[in-house]
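Colleague: Below is one structure. I have some questions about it.
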Amino acid sequence: ASLKVNLYRICGWPLTSIFEFREDSADVQGKSTGKPEADVFSDISSVVMHFVQKLQERNVAHNLVISNDRLPGKGSRCTRVLLAIRHFNSSTNSSHDMQVASMETVGWWIVCDRKHFDSIKSENLDKMLASTSVAESLLRELGLC
């Protein structure tokens, strides 16, 4: 039998169109369900792919981050998939313009040189990341909120 795949909206992250799909491999009492890890991943991936296919049909930029780790305060392992849905900005005006992509959605920024790195302020990165969030109307269309 399939376990329930939970969908969470990640609050407080500048990219507001980022979601976490998670199926804990332990029940609410913290006891292991005994479900094989491959089956857990299969359950999650089938749910995530439903949304990814919709994004591909609409040609919407997105990134997936997959992890299998322990959640804070829980002893059991947890398979998680982050789905970051974003605007793709193909026009850049200078070598210092940055395109928000997979690494940036989770907070790792790639810059062209040390001078540029030293000139960047955290609030500017948050603002840039927030600007790539897609409209709430698209998220509702996709069934994510």
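Each chain of the structure tokens is named A, B, ... in the order shown, its residues numbered from 1; ligands are numbered from 1 in display order.
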I want to know what sits within 6 Å of segment 77-84 of chain A, based on only C-alpha atoms, with residues of the same chain fewer than 5 positions away left out; could you give that as a short mmCIF file (atom, residue, chain, number, x, y, z; two decimals) with C-alpha atoms, in the first residue's frame?
Modeller:
data_model
loop_
_atom_site.label_atom_id
_atom_site.label_comp_id
_atom_site.auth_asym_id
_atom_site.auth_seq_id
_atom_site.Cartn_x
_atom_site.Cartn_y
_atom_site.Cartn_z
CA ILE A 18 9.28 26.43 -3.75
CA PHE A 19 7.64 23.27 -2.41
CA GLU A 20 8.72 20.18 -0.53
CA PHE A 21 7.28 16.73 -1.20
CA ARG A 22 7.91 14.33 1.65
CA ASP A 24 8.26 10.00 6.13
CA SER A 25 9.45 6.41 6.46
CA HIS A 62 11.98 24.57 -12.43
CA ASN A 63 14.58 22.70 -10.43
CA LEU A 64 14.44 19.53 -8.36
CA VAL A 65 16.58 18.83 -5.29
CA ILE A 66 16.37 15.29 -3.90
CA SER A 67 17.56 14.30 -0.43
CA ASN A 68 17.32 11.35 1.90
CA ASP A 69 18.26 12.44 5.38
CA ARG A 70 17.05 12.76 8.94
#
Colleague: Using DSSP secondary structure from the backbone, list all helix (DSSP H, G or I) positions within segment 8-62 of chain A, as a PyMOL selection string.
Modeller: chain A and resi 37-57
Colleague: Could you please take those selected residues and save N, CA, C and O atoms as a compact mmCIF listing (two decimals), in the first residue's frame?
Modeller:
# COMPACT_ATOMS: atom_id res chain seq x y z
N GLU A 37 13.13 1.78 0.94
CA GLU A 37 13.46 3.14 0.49
C GLU A 37 13.10 3.36 -0.98
O GLU A 37 12.62 4.42 -1.36
N ALA A 38 13.33 2.35 -1.81
CA ALA A 38 13.01 2.48 -3.24
C ALA A 38 11.52 2.70 -3.46
O ALA A 38 11.12 3.46 -4.34
N ASP A 39 10.69 2.05 -2.64
CA ASP A 39 9.24 2.24 -2.76
C ASP A 39 8.82 3.63 -2.32
O ASP A 39 7.93 4.24 -2.91
N VAL A 40 9.47 4.13 -1.26
CA VAL A 40 9.19 5.49 -0.79
C VAL A 40 9.52 6.48 -1.90
O VAL A 40 8.72 7.36 -2.23
N PHE A 41 10.70 6.33 -2.50
CA PHE A 41 11.11 7.24 -3.57
C PHE A 41 10.16 7.12 -4.76
O PHE A 41 9.81 8.11 -5.39
N SER A 42 9.72 5.93 -5.07
CA SER A 42 8.79 5.73 -6.19
C SER A 42 7.47 6.46 -5.93
O SER A 42 6.93 7.10 -6.84
N ASP A 43 6.97 6.38 -4.70
CA ASP A 43 5.73 7.08 -4.36
C ASP A 43 5.88 8.58 -4.55
O ASP A 43 5.04 9.24 -5.14
N ILE A 44 6.99 9.13 -4.02
CA ILE A 44 7.21 10.57 -4.11
C ILE A 44 7.41 10.99 -5.55
O ILE A 44 6.81 11.97 -6.01
N SER A 45 8.24 10.25 -6.28
CA SER A 45 8.54 10.66 -7.66
C SER A 45 7.30 10.64 -8.54
O SER A 45 7.15 11.50 -9.42
N SER A 46 6.38 9.72 -8.31
CA SER A 46 5.17 9.70 -9.15
C SER A 46 4.32 10.95 -8.88
O SER A 46 3.73 11.50 -9.81
N VAL A 47 4.27 11.41 -7.64
CA VAL A 47 3.51 12.62 -7.33
C VAL A 47 4.22 13.85 -7.90
O VAL A 47 3.61 14.70 -8.54
N VAL A 48 5.54 13.93 -7.69
CA VAL A 48 6.31 15.08 -8.18
C VAL A 48 6.23 15.16 -9.70
O VAL A 48 6.03 16.24 -10.26
N MET A 49 6.35 14.03 -10.38
CA MET A 49 6.35 14.04 -11.85
C MET A 49 5.01 14.52 -12.41
O MET A 49 4.98 15.09 -13.50
N HIS A 50 3.94 14.33 -11.68
CA HIS A 50 2.65 14.86 -12.10
C HIS A 50 2.76 16.38 -12.28
O HIS A 50 2.30 16.93 -13.28
N PHE A 51 3.39 17.05 -11.33
CA PHE A 51 3.55 18.51 -11.40
C PHE A 51 4.64 18.90 -12.40
O PHE A 51 4.49 19.88 -13.13
N VAL A 52 5.73 18.14 -12.47
CA VAL A 52 6.81 18.44 -13.41
C VAL A 52 6.30 18.37 -14.84
O VAL A 52 6.63 19.23 -15.67
N GLN A 53 5.47 17.39 -15.15
CA GLN A 53 4.92 17.29 -16.51
C GLN A 53 4.07 18.51 -16.86
O GLN A 53 4.15 19.03 -17.98
N LYS A 54 3.29 18.99 -15.91
CA LYS A 54 2.50 20.20 -16.14
C LYS A 54 3.41 21.40 -16.39
O LYS A 54 3.13 22.24 -17.25
N LEU A 55 4.51 21.49 -15.64
CA LEU A 55 5.45 22.59 -15.83
C LEU A 55 6.13 22.50 -17.19
O LEU A 55 6.31 23.51 -17.88
N GLN A 56 6.50 21.30 -17.60
CA GLN A 56 7.13 21.12 -18.90
C GLN A 56 6.18 21.47 -20.03
O GLN A 56 6.58 22.09 -21.02
N GLU A 57 4.91 21.10 -19.90
CA GLU A 57 3.91 21.44 -20.92
C GLU A 57 3.78 22.95 -21.08
O GLU A 57 3.53 23.44 -22.18
Colleague: Between atom CA of Ala135 of chain A and atom CA of His87 of chain A, what distance in Å does the model show, to one decimal?
Modeller: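 Atom-to-atom, atom CA of Ala135 of chain A and atom CA of His87 of chain A are spaced 9.3 Å apart.
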Colleague: Any idea what the distance is between atom CA of Trp13 of chain A and atom CA of Glu123 of chain A?
Modeller: 12.2 Å
Colleague: Using atom CA of Arg9 of chain A and atom CA of Leu142 of chain A as the two end points, give the distance in Å to one decimal.
Modeller: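 Distance between the two atoms: 13.8 Å.
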